[in-house]
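Here's start-v9.cif, which has mmCIF, C-alpha atoms:
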data_run
#
loop_
_atom_site.group_PDB
_atom_site.id
_atom_site.type_symbol
_atom_site.label_atom_id
_atom_site.label_comp_id
_atom_site.auth_asym_id
_atom_site.auth_seq_id
_atom_site.Cartn_x
_atom_site.Cartn_y
_atom_site.Cartn_z
ATOM 1 C CA MET V 1 -32.001 7.023 3.671
ATOM 2 C CA ALA V 2 -28.889 8.395 2.258
ATOM 3 C CA VAL V 3 -28.115 12.071 2.085
ATOM 4 C CA ALA V 4 -25.911 13.447 -0.689
ATOM 5 C CA ARG V 5 -24.209 16.827 -0.888
ATOM 6 C CA ILE V 6 -23.082 18.352 -4.152
ATOM 7 C CA GLU V 7 -20.835 21.406 -4.363
ATOM 8 C CA ALA V 8 -21.010 22.849 -7.863
ATOM 9 C CA PRO V 9 -21.123 26.436 -9.179
ATOM 10 C CA LYS V 10 -24.578 27.608 -10.351
ATOM 11 C CA THR V 11 -23.138 29.489 -13.310
ATOM 12 C CA ALA V 12 -20.110 28.988 -15.549
ATOM 13 C CA GLN V 13 -18.612 30.444 -18.704
ATOM 14 C CA ARG V 14 -18.894 28.474 -21.931
ATOM 15 C CA GLY V 15 -16.068 25.946 -22.119
ATOM 16 C CA GLN V 16 -15.016 26.490 -18.534
ATOM 17 C CA ILE V 17 -13.670 23.547 -16.553
ATOM 18 C CA ILE V 18 -15.367 23.463 -13.171
ATOM 19 C CA GLU V 19 -14.729 21.297 -10.144
ATOM 20 C CA ILE V 20 -17.574 19.245 -8.684
ATOM 21 C CA ARG V 21 -17.387 17.874 -5.162
ATOM 22 C CA THR V 22 -19.729 15.095 -4.086
ATOM 23 C CA LEU V 23 -20.344 13.471 -0.723
ATOM 24 C CA ILE V 24 -22.877 10.791 0.194
ATOM 25 C CA SER V 25 -23.702 9.338 3.595
ATOM 26 C CA HIS V 26 -22.981 5.617 3.681
ATOM 27 C CA ALA V 27 -21.245 3.357 6.240
ATOM 28 C CA MET V 28 -19.197 1.510 3.581
ATOM 29 C CA GLU V 29 -19.059 -1.657 5.731
ATOM 30 C CA THR V 30 -15.953 -3.429 4.422
ATOM 31 C CA GLY V 31 -16.914 -7.058 5.107
ATOM 32 C CA TYR V 32 -13.651 -7.535 7.034
ATOM 33 C CA ARG V 33 -14.926 -6.471 10.460
ATOM 34 C CA ARG V 34 -16.575 -8.593 13.130
ATOM 35 C CA ASP V 35 -19.231 -7.714 15.674
ATOM 36 C CA TYR V 36 -18.741 -8.124 19.449
ATOM 37 C CA LEU V 37 -19.714 -11.819 19.189
ATOM 38 C CA GLY V 38 -17.061 -12.460 16.566
ATOM 39 C CA LYS V 39 -19.593 -12.831 13.759
ATOM 40 C CA PRO V 40 -18.352 -11.335 10.456
ATOM 41 C CA LEU V 41 -20.286 -8.258 9.346
ATOM 42 C CA PRO V 42 -21.388 -8.685 5.720
ATOM 43 C CA ARG V 43 -20.053 -6.289 3.123
ATOM 44 C CA ASP V 44 -22.321 -3.322 2.367
ATOM 45 C CA ILE V 45 -20.655 -0.678 0.218
ATOM 46 C CA ILE V 46 -21.348 1.719 -2.621
ATOM 47 C CA THR V 47 -19.781 0.082 -5.672
ATOM 48 C CA GLY V 48 -20.524 2.500 -8.466
ATOM 49 C CA PHE V 49 -20.818 6.208 -9.212
ATOM 50 C CA THR V 50 -21.775 7.867 -12.486
ATOM 51 C CA CYS V 51 -21.929 11.528 -13.474
ATOM 52 C CA THR V 52 -23.752 12.608 -16.624
ATOM 53 C CA TYR V 53 -24.196 16.073 -18.112
ATOM 54 C CA ASN V 54 -27.344 16.485 -20.238
ATOM 55 C CA GLY V 55 -27.454 12.698 -20.527
ATOM 56 C CA ALA V 56 -23.855 12.233 -21.720
ATOM 57 C CA GLU V 57 -21.476 10.421 -19.386
ATOM 58 C CA VAL V 58 -18.729 12.618 -17.937
ATOM 59 C CA CYS V 59 -17.119 10.085 -15.642
ATOM 60 C CA ARG V 60 -17.745 6.849 -13.817
ATOM 61 C CA ALA V 61 -16.121 5.331 -10.757
ATOM 62 C CA VAL V 62 -15.907 1.849 -9.276
ATOM 63 C CA PHE V 63 -15.454 1.830 -5.507
ATOM 64 C CA HIS V 64 -13.958 -0.966 -3.426
ATOM 65 C CA PRO V 65 -14.090 -1.435 0.376
ATOM 66 C CA ALA V 66 -10.933 0.703 0.713
ATOM 67 C CA ILE V 67 -13.002 3.834 0.073
ATOM 68 C CA SER V 68 -13.733 5.543 3.403
ATOM 69 C CA ALA V 69 -17.189 5.770 4.962
ATOM 70 C CA ASN V 70 -19.321 8.558 3.467
ATOM 71 C CA PRO V 71 -17.589 8.445 0.060
ATOM 72 C CA TYR V 72 -16.229 11.774 -1.145
ATOM 73 C CA LEU V 73 -15.309 12.276 -4.775
ATOM 74 C CA ALA V 74 -14.175 15.468 -6.483
ATOM 75 C CA PHE V 75 -13.558 15.723 -10.226
ATOM 76 C CA ALA V 76 -13.700 18.144 -13.152
ATOM 77 C CA VAL V 77 -16.312 18.766 -15.859
ATOM 78 C CA VAL V 78 -16.238 20.930 -19.006
ATOM 79 C CA ILE V 79 -19.354 23.096 -19.267
ATOM 80 C CA ALA V 80 -20.207 23.450 -22.982
ATOM 81 C CA GLU V 81 -23.841 24.560 -22.563
ATOM 82 C CA SER V 82 -26.440 25.098 -19.861
ATOM 83 C CA GLY V 83 -27.751 21.891 -18.450
ATOM 84 C CA THR V 84 -28.116 19.466 -15.620
ATOM 85 C CA LEU V 85 -25.507 17.305 -14.005
ATOM 86 C CA GLN V 86 -26.903 14.037 -12.735
ATOM 87 C CA PHE V 87 -25.127 11.928 -10.131
ATOM 88 C CA THR V 88 -26.041 8.305 -9.468
ATOM 89 C CA TRP V 89 -24.611 6.035 -6.795
ATOM 90 C CA THR V 90 -25.317 2.298 -6.779
ATOM 91 C CA GLY V 91 -24.266 -0.287 -4.238
ATOM 92 C CA ASP V 92 -24.760 -3.549 -2.394
ATOM 93 C CA ASN V 93 -28.249 -4.646 -1.257
ATOM 94 C CA GLY V 94 -29.925 -2.716 -4.058
ATOM 95 C CA PHE V 95 -28.640 0.678 -2.932
ATOM 96 C CA THR V 96 -29.279 3.443 -5.430
ATOM 97 C CA PHE V 97 -29.377 7.215 -5.027
ATOM 98 C CA THR V 98 -29.663 10.029 -7.539
ATOM 99 C CA GLU V 99 -28.982 13.733 -7.168
ATOM 100 C CA SER V 100 -28.792 16.513 -9.721
ATOM 101 C CA ALA V 101 -27.430 20.037 -10.065
ATOM 102 C CA ALA V 102 -28.285 22.646 -12.682
ATOM 103 C CA ILE V 103 -25.591 24.835 -14.210
ATOM 104 C CA SER V 104 -26.318 27.742 -16.543
ATOM 105 C CA VAL V 105 -23.840 29.239 -18.988
ATOM 106 C CA VAL V 106 -23.538 33.012 -18.624
ATOM 107 C CA MET G 1 33.629 -4.137 51.585
ATOM 108 C CA ARG G 2 30.850 -1.614 51.244
ATOM 109 C CA ASP G 3 32.085 -0.739 47.785
ATOM 110 C CA ARG G 4 31.928 -4.337 46.670
ATOM 111 C CA MET G 5 28.366 -4.721 48.042
ATOM 112 C CA THR G 6 27.052 -1.782 46.055
ATOM 113 C CA ARG G 7 28.879 -2.964 42.968
ATOM 114 C CA GLY G 8 27.315 -6.387 43.427
ATOM 115 C CA SER G 9 23.813 -5.056 43.809
ATOM 116 C CA ARG G 10 24.258 -2.794 40.826
ATOM 117 C CA ARG G 11 25.349 -5.807 38.808
ATOM 118 C CA ARG G 12 22.350 -7.753 40.016
ATOM 119 C CA PHE G 13 20.064 -4.831 39.246
ATOM 120 C CA LEU G 14 21.438 -4.542 35.715
ATOM 121 C CA ALA G 15 21.037 -8.284 35.135
ATOM 122 C CA ALA G 16 17.452 -8.162 36.406
ATOM 123 C CA ALA G 17 16.692 -5.103 34.284
ATOM 124 C CA GLY G 18 18.145 -6.810 31.237
ATOM 125 C CA GLY G 19 16.024 -9.897 31.876
ATOM 126 C CA LEU G 20 12.936 -7.746 32.288
ATOM 127 C CA ALA G 21 13.698 -6.003 29.006
ATOM 128 C CA VAL G 22 13.911 -9.344 27.201
ATOM 129 C CA VAL G 23 10.670 -10.574 28.794
ATOM 130 C CA THR G 24 8.752 -7.406 27.838
ATOM 131 C CA ALA G 25 10.278 -7.226 24.379
ATOM 132 C CA LEU G 26 9.177 -10.755 23.398
ATOM 133 C CA PRO G 27 5.373 -10.292 23.568
ATOM 134 C CA LEU G 28 5.766 -6.887 21.871
ATOM 135 C CA THR G 29 7.471 -8.352 18.820
ATOM 136 C CA ALA G 30 4.911 -11.173 18.746
ATOM 137 C CA ALA G 31 2.085 -8.606 18.802
ATOM 138 C CA ALA G 32 3.779 -6.554 16.109
ATOM 139 C CA GLN G 33 4.023 -9.614 13.898
ATOM 140 C CA MET G 34 0.373 -10.475 14.484
ATOM 141 C CA ASN G 35 -0.744 -6.976 13.533
ATOM 142 C CA ARG G 36 1.479 -6.786 10.498
ATOM 143 C CA THR G 37 -0.635 -7.316 7.418
ATOM 144 C CA GLN G 38 0.647 -9.511 4.649
ATOM 145 C CA PRO G 39 1.300 -8.140 1.163
ATOM 146 C CA ASN G 40 -1.713 -8.779 -1.052
ATOM 147 C CA ASN G 41 -1.792 -9.818 -4.706
ATOM 148 C CA MET G 42 -1.330 -6.267 -6.067
ATOM 149 C CA PRO G 43 1.393 -7.207 -8.625
ATOM 150 C CA GLN G 44 -0.870 -9.857 -10.188
ATOM 151 C CA VAL G 45 -3.879 -7.505 -10.264
ATOM 152 C CA ILE G 46 -1.812 -4.774 -11.955
ATOM 153 C CA ALA G 47 -0.409 -7.326 -14.422
ATOM 154 C CA ARG G 48 -3.952 -8.410 -15.297
ATOM 155 C CA LEU G 49 -4.954 -4.762 -15.864
ATOM 156 C CA VAL G 50 -2.055 -3.732 -18.093
ATOM 157 C CA GLY G 51 -1.589 -7.045 -19.921
ATOM 158 C CA GLN G 52 1.471 -6.939 -22.200
ATOM 159 C CA SER G 53 1.898 -3.147 -21.916
ATOM 160 C CA LYS G 54 4.684 -1.475 -19.987
ATOM 161 C CA VAL G 55 3.842 0.824 -17.058
ATOM 162 C CA ASN G 56 5.942 3.981 -17.428
ATOM 163 C CA PRO G 57 6.827 6.177 -14.466
ATOM 164 C CA GLY G 58 5.653 9.801 -14.796
ATOM 165 C CA ARG G 59 2.750 11.987 -16.001
ATOM 166 C CA VAL G 60 0.758 10.940 -12.895
ATOM 167 C CA ARG G 61 0.864 12.924 -9.667
ATOM 168 C CA LEU G 62 -0.417 11.049 -6.617
ATOM 169 C CA ASN G 63 -0.860 13.223 -3.546
ATOM 170 C CA LEU G 64 -1.119 11.595 -0.134
ATOM 171 C CA PRO G 65 0.127 12.752 3.255
ATOM 172 C CA PRO G 66 3.472 10.990 3.975
ATOM 173 C CA LEU G 67 2.445 10.354 7.604
ATOM 174 C CA VAL G 68 -1.148 9.433 8.441
ATOM 175 C CA GLU G 69 -2.529 9.303 11.979
ATOM 176 C CA ASN G 70 -5.879 7.759 11.100
ATOM 177 C CA GLY G 71 -5.948 5.074 8.417
ATOM 178 C CA HIS G 72 -9.739 5.228 8.176
ATOM 179 C CA LEU G 73 -9.747 8.574 6.387
ATOM 180 C CA VAL G 74 -6.756 9.368 4.225
ATOM 181 C CA PRO G 75 -7.137 12.166 1.661
ATOM 182 C CA LEU G 76 -5.901 11.034 -1.745
ATOM 183 C CA SER G 77 -5.786 12.984 -4.981
ATOM 184 C CA VAL G 78 -4.530 12.071 -8.447
ATOM 185 C CA THR G 79 -3.862 14.370 -11.389
ATOM 186 C CA VAL G 80 -2.581 13.256 -14.782
ATOM 187 C CA ASP G 81 -0.810 15.426 -17.373
ATOM 188 C CA SER G 82 -3.017 15.207 -20.438
ATOM 189 C CA PRO G 83 -4.602 17.671 -22.898
ATOM 190 C CA MET G 84 -7.907 15.741 -22.478
ATOM 191 C CA THR G 85 -8.871 16.129 -26.139
ATOM 192 C CA GLU G 86 -10.825 13.619 -28.233
ATOM 193 C CA ALA G 87 -7.520 12.381 -29.726
ATOM 194 C CA ASP G 88 -5.428 12.281 -26.556
ATOM 195 C CA HIS G 89 -7.048 11.829 -23.163
ATOM 196 C CA VAL G 90 -6.938 9.755 -20.015
ATOM 197 C CA LYS G 91 -9.355 6.832 -20.186
ATOM 198 C CA ALA G 92 -9.030 5.585 -16.638
ATOM 199 C CA ILE G 93 -7.234 6.119 -13.349
ATOM 200 C CA HIS G 94 -6.767 3.105 -11.079
ATOM 201 C CA VAL G 95 -5.553 3.203 -7.463
ATOM 202 C CA PHE G 96 -4.043 0.191 -5.692
ATOM 203 C CA THR G 97 -2.424 -0.556 -2.325
ATOM 204 C CA ASP G 98 -0.051 -3.384 -1.493
ATOM 205 C CA LYS G 99 -1.151 -4.322 2.043
ATOM 206 C CA ASN G 100 -4.906 -3.704 2.283
ATOM 207 C CA PRO G 101 -6.999 -6.920 2.303
ATOM 208 C CA LEU G 102 -7.909 -6.129 -1.311
ATOM 209 C CA PRO G 103 -5.415 -4.374 -3.610
ATOM 210 C CA GLU G 104 -8.089 -2.399 -5.493
ATOM 211 C CA VAL G 105 -9.139 0.967 -4.069
ATOM 212 C CA LEU G 106 -10.843 2.811 -6.886
ATOM 213 C CA SER G 107 -11.167 2.823 -10.656
ATOM 214 C CA PHE G 108 -12.172 6.103 -12.270
ATOM 215 C CA PHE G 109 -13.208 6.213 -15.932
ATOM 216 C CA LEU G 110 -13.253 9.554 -17.720
ATOM 217 C CA GLY G 111 -12.949 11.183 -21.118
ATOM 218 C CA PRO G 112 -12.673 14.523 -22.909
ATOM 219 C CA ARG G 113 -15.881 15.764 -21.216
ATOM 220 C CA ALA G 114 -14.007 15.917 -17.912
ATOM 221 C CA GLY G 115 -11.647 18.592 -19.273
ATOM 222 C CA ARG G 116 -9.004 17.802 -16.683
ATOM 223 C CA ALA G 117 -7.781 14.429 -15.457
ATOM 224 C CA SER G 118 -8.037 14.896 -11.726
ATOM 225 C CA LEU G 119 -9.846 13.287 -8.844
ATOM 226 C CA SER G 120 -9.732 13.424 -5.100
ATOM 227 C CA THR G 121 -11.299 11.131 -2.534
ATOM 228 C CA ARG G 122 -10.680 9.617 0.906
ATOM 229 C CA VAL G 123 -9.388 6.079 1.350
ATOM 230 C CA ARG G 124 -8.732 3.484 4.059
ATOM 231 C CA LEU G 125 -5.232 2.159 4.656
ATOM 232 C CA ALA G 126 -4.744 -1.020 6.696
ATOM 233 C CA ASP G 127 -1.017 -0.530 7.328
ATOM 234 C CA SER G 128 2.017 1.523 6.401
ATOM 235 C CA GLU G 129 2.074 0.671 2.738
ATOM 236 C CA THR G 130 2.663 1.727 -0.831
ATOM 237 C CA VAL G 131 -0.161 3.318 -2.804
ATOM 238 C CA VAL G 132 0.033 3.116 -6.603
ATOM 239 C CA ALA G 133 -1.927 5.210 -9.117
ATOM 240 C CA ILE G 134 -1.983 4.016 -12.735
ATOM 241 C CA ALA G 135 -3.374 6.094 -15.607
ATOM 242 C CA GLN G 136 -4.563 4.430 -18.797
ATOM 243 C CA MET G 137 -4.308 6.754 -21.828
ATOM 244 C CA SER G 138 -6.438 6.734 -24.977
ATOM 245 C CA ASP G 139 -3.370 5.582 -26.957
ATOM 246 C CA GLY G 140 -3.152 2.476 -24.758
ATOM 247 C CA SER G 141 -0.094 3.503 -22.734
ATOM 248 C CA PHE G 142 0.060 3.260 -18.947
ATOM 249 C CA TRP G 143 1.704 5.753 -16.576
ATOM 250 C CA SER G 144 2.035 5.529 -12.837
ATOM 251 C CA GLU G 145 3.312 6.958 -9.599
ATOM 252 C CA SER G 146 3.634 5.224 -6.256
ATOM 253 C CA VAL G 147 3.862 6.774 -2.805
ATOM 254 C CA HIS G 148 4.795 5.117 0.476
ATOM 255 C CA VAL G 149 2.609 6.172 3.400
ATOM 256 C CA VAL G 150 3.308 5.619 7.103
ATOM 257 C CA VAL G 151 0.082 4.910 9.025
ATOM 258 C CA THR G 152 -0.006 5.064 12.842
ATOM 259 C CA THR G 153 -3.632 3.918 13.429
ATOM 260 C CA ALA G 154 -4.613 1.357 10.818
ATOM 261 C CA ALA G 155 -8.075 0.803 9.385
ATOM 262 C CA CYS G 156 -9.631 -2.709 9.551
ATOM 263 C CA LEU G 157 -8.047 -3.802 12.844
ATOM 264 C CA GLU G 158 -10.703 -2.783 15.331
ATOM 265 C CA GLU G 159 -13.819 -4.728 16.235
ATOM 266 C CA LEU G 160 -17.186 -3.282 17.116
#

Any chance you could put this one into structure tokens?
Amino acid sequence: MAVARIEAPKTAQRGQIIEIRTLISHAMETGYRRDYLGKPLPRDIITGFTCTYNGAEVCRAVFHPAISANPYLAFAVVIAESGTLQFTWTGDNGFTFTESAAISVV
Amino acid sequence: MRDRMTRGSRRRFLAAAGGLAVVTALPLTAAAQMNRTQPNNMPQVIARLVGQSKVNPGRVRLNLPPLVENGHLVPLSVTVDSPMTEADHVKAIHVFTDKNPLPEVLSFFLGPRAGRASLSTRVRLADSETVVAIAQMSDGSFWSESVHVVVTTAACLEEL
């Protein structure tokens, strides 16, 4: 089971641009490596990431095998009102993981 | 007599050392050529992305360390100069490399809700190579920056 870490401030001022840092545990097997018998290891990566704020999409990413193991992604979000950021990762072999973080406007 | 002997042996030693150098240098260059990755189809992939548009240099800042010890985990960050308003914002940031097995690294789609066009992540680099970041603006223009990175330990070469 994957573990995700989100670094986001709990409070923000209205209209403030905040930085969100996300990290999820995943091997990101490229599909280019071989095991000790020379058999190719099948690709198993996270291919997609989406961040929404109160249901509206903030940003979306498409990952390729060149993203390191345990994908890290940091980006910015404008906080217009109090709400919930939702993060969704999807990947090969039906991988899906969701995490959320609440931010209140002070 | 003695002088000539030492000169002779020195000459022989130098000849032997030279021969040894050639013998050891040959497998090294062969190994270097085997490990050298071939350029991938990055130009074609970028051409497919931008279509008929021109890719302008500027407005994009791509930050990567110039010398990387471990190609498995290379910090990469991209920022694009843009007001990020409804009328004028960055629609997407694409990152490519020219010697990884696949040219694509990451595509990041954003809009005015992001407030600032910036991202940072960690990537794998298979060789000393050029990394290119291309920003696609809401007006349809493309801007880019490329950085050459020297990698001492490459990703993708090891086996389990």

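Residue nearest Ile17 (chain V), chosen from V:Tyr32, V:Phe97, V:Phe75, V:Phe49 and counting all atoms listed in the file: V:Phe75.
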
Identify all chain V residues at most 7 Å from chain G by counting all atoms listed in the file; ligands do not count. Present them as a ChimeraX atom specification. /V:17,32-36,58-64,66-68,72-78

One decimal, Å: what's the distance from CA of Val60 (chain G) over to CA of Ser82 (chain G), could you say? 9.5 Å

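Residues matched by the PyMOL selection byres ((chain V and resi 46) around 6) in this file are Ile45, Thr47, Gly48, Thr90 and Gly91 of chain V.
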
For the provided coordinates, the residues matched by the PyMOL selection byres ((chain G and resi 52-55) around 6) should be stated as a PDB file with C-alpha atoms, in the frame of the given file.
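Now in result_33.pdb:
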ATOM      1  CA  VAL G  50      -2.055  -3.732 -18.093  1.00  0.00           C
ATOM      2  CA  GLY G  51      -1.589  -7.045 -19.921  1.00  0.00           C
ATOM      3  CA  ASN G  56       5.942   3.981 -17.428  1.00  0.00           C
ATOM      4  CA  PHE G 142       0.060   3.260 -18.947  1.00  0.00           C
ATOM      5  CA  TRP G 143       1.704   5.753 -16.576  1.00  0.00           C
TER       6      TRP G 143
END

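For the pair CA of Pro43 (chain G) and CA of Asp127 (chain G), the interatomic distance is 17.5 Å.
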
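Note on the selection: in this file the PyMOL selection byres ((chain V and resi 28) around 8) comes out as His26, Ala27, Glu29, Thr30, Arg43, Asp44, Ile45, Ile46, Pro65, Ile67, Ser68, Ala69, Asn70 and Pro71 of chain V.
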
Please determine the residues with any atom at most 6 Å from (-26.6, 18.0, -20.0) (coordinates as given in the file, with only C-alpha atoms counting) and report them as an NGL selection string. :V and (53-55 or 83-84)

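We find CA of Ala133 (chain G) and CA of Val95 (chain G) to be spaced 4.5 Å apart.
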